[in-house]
Amino acid sequence: MTKPEPTDVEQKLTSIDLIVSKSDEKGNITYVNPIFIKISGYSQASLLEQPHAILRHPDMPKVIFKYLWENIKEGRDVVAYVKNLCADGSFYWVLATVKMAKNPDGSFRNYMSTRRAITENAKAQISELYGHLLEIEKSEGIEASEAAFKAFIEDNGLTESNAFNTFMKNLNK
Ligand SMILES: Cc1cc2nc3c(=O)[nH]c(=O)nc-3n(C[C@H](O)[C@H](O)[C@H](O)COP(=O)(O)O)c2cc1C
């Protein structure tokens with residue numbers, strides 16, 4: 001599928017919108033709720049079995065998805081801001097919580113992402129941070145942007161092991 005050309009049109013979520021999807025182990029979509037379909041502008045049929053990267057926006061730094069996968073694969077929840085690309089090239093921001101669900105026997109069941117609207121404050125701060133990380137990625141590569149991201153988290157006084165999730169949640173208050 002060819003990716004739409006990104007525009008500067010923003011799709012706004014209301015405070016009660018909850019965008020849900022589930023995936024297999026590779027991140028291929030196995031379930032989407034009606035609001036996911038409505039906001040993304042894709043039909044259900046064109047989303048199912050497609051990789052979640054169908055929504056990937058070029059403004060998103062790679063390091064965020066690297067961090068996401070490193071953690072969810074190990075069963076650790078991740079809370080992260082994501083800018084997503086819609087079928088018509090418009091975009092929307094969400095605060096996503098991504099979790100691994102397991103079967104009663106402990107085997108992998110699916111990954112699930114629940115996404116909510118983000119505040120204007122969070123949007124302003126996170127756009128600046130992601131823009132900065134993206135620039136570093138383009139000029140120096142992903143290792144440099146990972147180092148810059150960790151330094152940013154530490155500069156914000158967050159040293160505990162789930163610093164990333166805490167930082168992301170606090171920003172949306
Ligand atoms: C449950 C789940 C939900 C995801 N949701 C999104 C999403 O909304 N937007 C997105 O760009 N990537 C999402 N991803 C991450 C993608 O799998 C992928 O890592 C990302 O789009 C980067 O793609 P790329 O490595 O092909 O550039 C999700 C992954 C999982 C497991």
# chains A, B, ... in the order shown; residues from 1 in each chain; ligands from 1
>>> residues_near_ligand(ligand="ligand 1", cutoff="7 Å", atoms="only C-alpha atoms and all ligand atoms", output="list of chain:residue names")
A:Ser21, A:Lys22, A:Ser23, A:Gly27, A:Pro51, A:His52, A:Ala53, A:Ile54, A:Leu55, A:Arg56, A:His57, A:Lys62, A:Phe65, A:Trp69, A:Val82, A:Asn84, A:Val98, A:Tyr111, A:Met112, A:Ser113
>>> residues_around(residues="Ile37 (chain A)", least_positions_apart="2", cutoff="12 Å", atoms="only C-alpha atoms", output="list in words")
Leu18, Ile19, Val20, Ser21, Tyr31, Val32, Asn33, Pro34, Ile35, Ile39, Ser40, Gly41, Tyr42, Ser43, Gln44, Ala45, Ser46, Leu47, Leu48, Leu55, Cys86 and Ala87 of chain A
>>> write_last_selection(atoms="N, CA and C atoms", output="CSV table (one decimal), in the first residue's frame")
chain,number,residue,atom,x,y,z
A,18,LEU,N,-11.6,6.5,23.1
A,18,LEU,CA,-10.6,5.5,23.4
A,18,LEU,C,-10.4,4.6,22.2
A,19,ILE,N,-9.2,4.7,21.6
A,19,ILE,CA,-8.9,4.0,20.4
A,19,ILE,C,-8.1,2.7,20.7
A,20,VAL,N,-8.7,1.6,20.3
A,20,VAL,CA,-8.2,0.3,20.7
A,20,VAL,C,-7.8,-0.5,19.5
A,21,SER,N,-6.7,-1.2,19.6
A,21,SER,CA,-6.3,-2.2,18.6
A,21,SER,C,-5.6,-3.4,19.3
A,31,TYR,N,-7.4,-6.7,15.6
A,31,TYR,CA,-8.7,-6.1,16.0
A,31,TYR,C,-8.6,-4.6,16.0
A,32,VAL,N,-9.6,-3.9,15.6
A,32,VAL,CA,-9.7,-2.5,15.8
A,32,VAL,C,-11.1,-2.1,16.2
A,33,ASN,N,-11.2,-1.1,17.1
A,33,ASN,CA,-12.6,-0.7,17.5
A,33,ASN,C,-13.1,0.4,16.5
A,34,PRO,N,-14.4,0.7,16.6
A,34,PRO,CA,-15.0,1.6,15.6
A,34,PRO,C,-14.3,3.0,15.5
A,35,ILE,N,-13.9,3.5,16.7
A,35,ILE,CA,-13.3,4.8,16.7
A,35,ILE,C,-11.9,4.8,16.0
A,39,ILE,N,-11.3,7.5,13.0
A,39,ILE,CA,-10.2,8.5,13.0
A,39,ILE,C,-9.1,8.2,11.9
A,40,SER,N,-8.8,6.9,11.8
A,40,SER,CA,-7.7,6.6,10.8
A,40,SER,C,-8.1,6.8,9.3
A,41,GLY,N,-9.4,6.7,9.1
A,41,GLY,CA,-10.0,6.9,7.8
A,41,GLY,C,-9.8,5.6,6.9
A,42,TYR,N,-9.3,4.5,7.5
A,42,TYR,CA,-9.2,3.3,6.7
A,42,TYR,C,-10.4,2.4,7.1
A,43,SER,N,-10.8,1.5,6.1
A,43,SER,CA,-11.8,0.6,6.4
A,43,SER,C,-11.3,-0.5,7.3
A,44,GLN,N,-12.2,-1.2,7.9
A,44,GLN,CA,-11.7,-2.4,8.8
A,44,GLN,C,-11.0,-3.4,8.0
A,45,ALA,N,-11.5,-3.7,6.8
A,45,ALA,CA,-10.9,-4.7,5.9
A,45,ALA,C,-9.5,-4.3,5.5
A,46,SER,N,-9.2,-3.0,5.3
A,46,SER,CA,-7.9,-2.6,4.9
A,46,SER,C,-6.9,-2.5,6.1
A,47,LEU,N,-7.4,-2.6,7.3
A,47,LEU,CA,-6.6,-2.5,8.5
A,47,LEU,C,-6.2,-3.9,9.0
A,48,LEU,N,-7.2,-4.8,9.0
A,48,LEU,CA,-6.9,-6.2,9.6
A,48,LEU,C,-5.8,-6.9,8.8
A,55,LEU,N,0.1,3.1,10.1
A,55,LEU,CA,-0.2,4.4,10.7
A,55,LEU,C,1.1,5.2,11.0
A,86,CYS,N,-3.1,9.4,9.1
A,86,CYS,CA,-4.4,8.9,8.6
A,86,CYS,C,-4.4,8.6,7.1
A,87,ALA,N,-5.4,7.9,6.6
A,87,ALA,CA,-5.5,7.5,5.2
A,87,ALA,C,-5.4,8.7,4.3
>>> closest_residue(among="A:Thr30, A:Asn170, A:Asn165, A:Gln125", to="Thr97 (chain A)", atoms="only C-alpha atoms")
A:Asn165
>>> closest_residue(among="A:Ser145, A:Thr119, A:Ser139, A:Thr166", to="Ser15 (chain A)", atoms="only C-alpha atoms")
A:Thr119
>>> residues_around(residues="Glu135 (chain A)", least_positions_apart="4", cutoff="12 Å", atoms="only C-alpha atoms", output="VMD selection string")
chain A and resid 58 to 63 128 to 131 139 to 142 144 to 145 148
>>> write_last_selection(atoms="N, CA and C atoms", output="mmCIF file, in the first residue's frame")
data_model
loop_
_atom_site.group_PDB
_atom_site.id
_atom_site.type_symbol
_atom_site.label_atom_id
_atom_site.label_comp_id
_atom_site.auth_asym_id
_atom_site.auth_seq_id
_atom_site.Cartn_x
_atom_site.Cartn_y
_atom_site.Cartn_z
ATOM 1 N N PRO A 58 5.947 10.023 9.511
ATOM 2 C CA PRO A 58 7.389 10.298 9.368
ATOM 3 C C PRO A 58 7.959 11.207 10.459
ATOM 4 N N ASP A 59 7.111 11.897 11.218
ATOM 5 C CA ASP A 59 7.610 12.761 12.306
ATOM 6 C C ASP A 59 7.966 11.963 13.558
ATOM 7 N N MET A 60 7.643 10.655 13.575
ATOM 8 C CA MET A 60 7.942 9.838 14.770
ATOM 9 C C MET A 60 9.389 9.349 14.737
ATOM 10 N N PRO A 61 10.133 9.598 15.824
ATOM 11 C CA PRO A 61 11.506 9.060 15.855
ATOM 12 C C PRO A 61 11.497 7.538 16.009
ATOM 13 N N LYS A 62 12.436 6.875 15.357
ATOM 14 C CA LYS A 62 12.540 5.414 15.419
ATOM 15 C C LYS A 62 12.762 4.912 16.842
ATOM 16 N N VAL A 63 13.498 5.696 17.611
ATOM 17 C CA VAL A 63 13.884 5.256 18.954
ATOM 18 C C VAL A 63 12.666 4.945 19.836
ATOM 19 N N GLU A 128 8.349 18.954 20.371
ATOM 20 C CA GLU A 128 9.699 19.521 20.405
ATOM 21 C C GLU A 128 10.731 18.409 20.647
ATOM 22 N N LEU A 129 10.424 17.546 21.637
ATOM 23 C CA LEU A 129 11.345 16.455 21.962
ATOM 24 C C LEU A 129 11.521 15.503 20.775
ATOM 25 N N TYR A 130 10.411 15.064 20.194
ATOM 26 C CA TYR A 130 10.488 14.111 19.078
ATOM 27 C C TYR A 130 11.192 14.744 17.865
ATOM 28 N N GLY A 131 10.942 16.034 17.641
ATOM 29 C CA GLY A 131 11.588 16.743 16.533
ATOM 30 C C GLY A 131 13.102 16.728 16.711
ATOM 31 N N SER A 139 20.956 12.811 11.464
ATOM 32 C CA SER A 139 22.353 13.220 11.309
ATOM 33 C C SER A 139 23.347 12.240 11.925
ATOM 34 N N GLU A 140 22.966 11.617 13.069
ATOM 35 C CA GLU A 140 23.956 10.767 13.769
ATOM 36 C C GLU A 140 23.521 9.326 13.976
ATOM 37 N N GLY A 141 22.260 9.001 13.681
ATOM 38 C CA GLY A 141 21.795 7.624 13.839
ATOM 39 C C GLY A 141 21.017 7.379 15.120
ATOM 40 N N ILE A 142 20.452 6.181 15.194
ATOM 41 C CA ILE A 142 19.515 5.852 16.282
ATOM 42 C C ILE A 142 20.191 5.726 17.652
ATOM 43 N N ALA A 144 22.606 7.517 18.806
ATOM 44 C CA ALA A 144 22.762 8.871 19.335
ATOM 45 C C ALA A 144 21.416 9.405 19.834
ATOM 46 N N SER A 145 20.331 9.091 19.128
ATOM 47 C CA SER A 145 19.024 9.601 19.572
ATOM 48 C C SER A 145 18.568 8.875 20.834
ATOM 49 N N ALA A 148 20.365 10.559 23.588
ATOM 50 C CA ALA A 148 19.772 11.877 23.836
ATOM 51 C C ALA A 148 18.454 11.742 24.593
#
>>> atom_distance(atom1="CA of Phe164 (chain A)", atom2="CA of Glu120 (chain A)")
19.5 Å
>>> closest_residue(among="A:Thr2, A:Asn71, A:Asn28, A:Asn121", to="Met100 (chain A)", atoms="only C-alpha atoms")
A:Asn71
>>> closest_residue(among="A:Phe152, A:Phe167, A:Tyr81, A:Phe91", to="Thr114 (chain A)", atoms="only C-alpha atoms")
A:Tyr81
>>> residues_around(residues="region 108-110 of chain A", least_positions_apart="3", cutoff="10 Å", atoms="only C-alpha atoms", output="list in words")
Lys22, Ser23, Asp24, Glu25, Lys26, Gly27, Ile29, Thr30, Lys73, Gly75, Lys99, Met100, Ala101, Lys102, Asn103, Pro104 and Asp105 of chain A
>>> atom_distance(atom1="CA of Arg115 (chain A)", atom2="CA of Lys138 (chain A)")
27.7 Å
>>> select_by_dssp(residues="region 16-148 of chain A", states="alpha helix (DSSP H)", output="PyMOL selection string")
chain A and resi 34-40+44-47+62-72+120-140+142-148
>>> write_last_selection(atoms="N, CA and C atoms", output="compact mmCIF listing (two decimals), in the first residue's frame")
# COMPACT_ATOMS: atom_id res chain seq x y z
N PRO A 34 -14.41 0.69 16.59
CA PRO A 34 -14.99 1.62 15.61
C PRO A 34 -14.32 2.99 15.55
N ILE A 35 -13.89 3.51 16.70
CA ILE A 35 -13.28 4.85 16.68
C ILE A 35 -11.91 4.82 15.99
N PHE A 36 -11.22 3.69 16.07
CA PHE A 36 -9.94 3.52 15.34
C PHE A 36 -10.21 3.69 13.85
N ILE A 37 -11.24 3.01 13.38
CA ILE A 37 -11.59 3.06 11.96
C ILE A 37 -11.97 4.48 11.55
N LYS A 38 -12.79 5.11 12.40
CA LYS A 38 -13.28 6.46 12.09
C LYS A 38 -12.12 7.47 12.01
N ILE A 39 -11.26 7.48 13.01
CA ILE A 39 -10.16 8.47 13.05
C ILE A 39 -9.12 8.20 11.94
N SER A 40 -8.76 6.93 11.75
CA SER A 40 -7.68 6.63 10.79
C SER A 40 -8.13 6.84 9.35
N GLN A 44 -12.18 -1.24 7.94
CA GLN A 44 -11.75 -2.35 8.80
C GLN A 44 -10.97 -3.39 7.98
N ALA A 45 -11.51 -3.67 6.78
CA ALA A 45 -10.88 -4.69 5.93
C ALA A 45 -9.46 -4.30 5.52
N SER A 46 -9.23 -2.98 5.34
CA SER A 46 -7.89 -2.59 4.91
C SER A 46 -6.92 -2.47 6.09
N LEU A 47 -7.44 -2.59 7.32
CA LEU A 47 -6.56 -2.54 8.50
C LEU A 47 -6.18 -3.93 8.99
N LYS A 62 12.44 6.87 15.36
CA LYS A 62 12.54 5.41 15.42
C LYS A 62 12.76 4.91 16.84
N VAL A 63 13.50 5.70 17.61
CA VAL A 63 13.88 5.26 18.95
C VAL A 63 12.67 4.95 19.84
N ILE A 64 11.56 5.62 19.60
CA ILE A 64 10.35 5.37 20.40
C ILE A 64 9.82 3.96 20.12
N PHE A 65 9.83 3.55 18.85
CA PHE A 65 9.34 2.20 18.51
C PHE A 65 10.35 1.13 18.94
N LYS A 66 11.62 1.47 18.90
CA LYS A 66 12.65 0.53 19.39
C LYS A 66 12.39 0.26 20.88
N TYR A 67 12.19 1.34 21.61
CA TYR A 67 11.92 1.22 23.05
C TYR A 67 10.63 0.42 23.28
N LEU A 68 9.60 0.72 22.48
CA LEU A 68 8.30 0.03 22.61
C LEU A 68 8.49 -1.48 22.48
N TRP A 69 9.15 -1.90 21.40
CA TRP A 69 9.29 -3.34 21.14
C TRP A 69 10.18 -4.04 22.14
N GLU A 70 11.28 -3.37 22.53
CA GLU A 70 12.19 -3.99 23.51
C GLU A 70 11.45 -4.32 24.79
N ASN A 71 10.49 -3.47 25.14
CA ASN A 71 9.77 -3.67 26.40
C ASN A 71 8.55 -4.57 26.29
N ILE A 72 7.70 -4.34 25.30
CA ILE A 72 6.47 -5.16 25.24
C ILE A 72 6.79 -6.63 24.98
N GLU A 120 -2.78 19.87 25.19
CA GLU A 120 -2.02 20.80 24.33
C GLU A 120 -0.60 20.98 24.88
N ASN A 121 -0.50 20.97 26.20
CA ASN A 121 0.82 21.10 26.85
C ASN A 121 1.72 19.92 26.47
N ALA A 122 1.15 18.71 26.58
CA ALA A 122 1.93 17.51 26.25
C ALA A 122 2.33 17.55 24.77
N LYS A 123 1.38 17.97 23.93
CA LYS A 123 1.65 18.01 22.49
C LYS A 123 2.81 18.94 22.16
N ALA A 124 2.79 20.12 22.80
CA ALA A 124 3.84 21.11 22.54
C ALA A 124 5.20 20.56 22.97
N GLN A 125 5.24 19.98 24.16
CA GLN A 125 6.53 19.48 24.68
C GLN A 125 7.04 18.27 23.92
N ILE A 126 6.11 17.37 23.62
CA ILE A 126 6.54 16.12 22.99
C ILE A 126 6.90 16.35 21.51
N SER A 127 6.22 17.29 20.85
CA SER A 127 6.57 17.60 19.45
C SER A 127 8.00 18.12 19.39
N GLU A 128 8.35 18.95 20.37
CA GLU A 128 9.70 19.52 20.40
C GLU A 128 10.73 18.41 20.65
N LEU A 129 10.42 17.55 21.64
CA LEU A 129 11.34 16.45 21.96
C LEU A 129 11.52 15.50 20.78
N TYR A 130 10.41 15.06 20.19
CA TYR A 130 10.49 14.11 19.08
C TYR A 130 11.19 14.74 17.87
N GLY A 131 10.94 16.03 17.64
CA GLY A 131 11.59 16.74 16.53
C GLY A 131 13.10 16.73 16.71
N HIS A 132 13.51 16.96 17.96
CA HIS A 132 14.93 16.97 18.30
C HIS A 132 15.53 15.58 18.09
N LEU A 133 14.83 14.54 18.56
CA LEU A 133 15.32 13.15 18.41
C LEU A 133 15.42 12.75 16.94
N LEU A 134 14.45 13.19 16.17
CA LEU A 134 14.43 12.87 14.74
C LEU A 134 15.63 13.50 14.02
N GLU A 135 15.93 14.74 14.38
CA GLU A 135 17.09 15.43 13.80
C GLU A 135 18.37 14.66 14.11
N ILE A 136 18.50 14.23 15.36
CA ILE A 136 19.70 13.48 15.77
C ILE A 136 19.77 12.16 15.00
N GLU A 137 18.61 11.49 14.87
CA GLU A 137 18.57 10.22 14.13
C GLU A 137 19.04 10.40 12.70
N LYS A 138 18.58 11.50 12.08
CA LYS A 138 18.93 11.73 10.68
C LYS A 138 20.41 12.06 10.51
N SER A 139 20.96 12.81 11.46
CA SER A 139 22.35 13.22 11.31
C SER A 139 23.35 12.24 11.92
N GLU A 140 22.97 11.62 13.07
CA GLU A 140 23.96 10.77 13.77
C GLU A 140 23.52 9.33 13.98
N ILE A 142 20.45 6.18 15.19
CA ILE A 142 19.52 5.85 16.28
C ILE A 142 20.19 5.73 17.65
N GLU A 143 21.46 5.28 17.65
CA GLU A 143 22.14 5.16 18.96
C GLU A 143 22.30 6.52 19.62
N ALA A 144 22.61 7.52 18.81
CA ALA A 144 22.76 8.87 19.33
C ALA A 144 21.42 9.40 19.83
N SER A 145 20.33 9.09 19.13
CA SER A 145 19.02 9.60 19.57
C SER A 145 18.57 8.87 20.83
N GLU A 146 18.96 7.60 20.96
CA GLU A 146 18.63 6.85 22.18
C GLU A 146 19.35 7.47 23.38
N ALA A 147 20.61 7.82 23.17
CA ALA A 147 21.39 8.44 24.24
C ALA A 147 20.78 9.80 24.60
N ALA A 148 20.37 10.56 23.59
CA ALA A 148 19.77 11.88 23.84
C ALA A 148 18.45 11.74 24.59
>>> select_by_dssp(residues="region 37-106 of chain A", states="strand (DSSP E)", output="list in words")
Val78, Val79, Ala80, Tyr81, Val82, Lys83, Asn84, Leu85, Phe91, Tyr92, Trp93, Val94, Leu95, Ala96, Thr97, Val98, Lys99, Met100, Ala101 and Lys102 of chain A
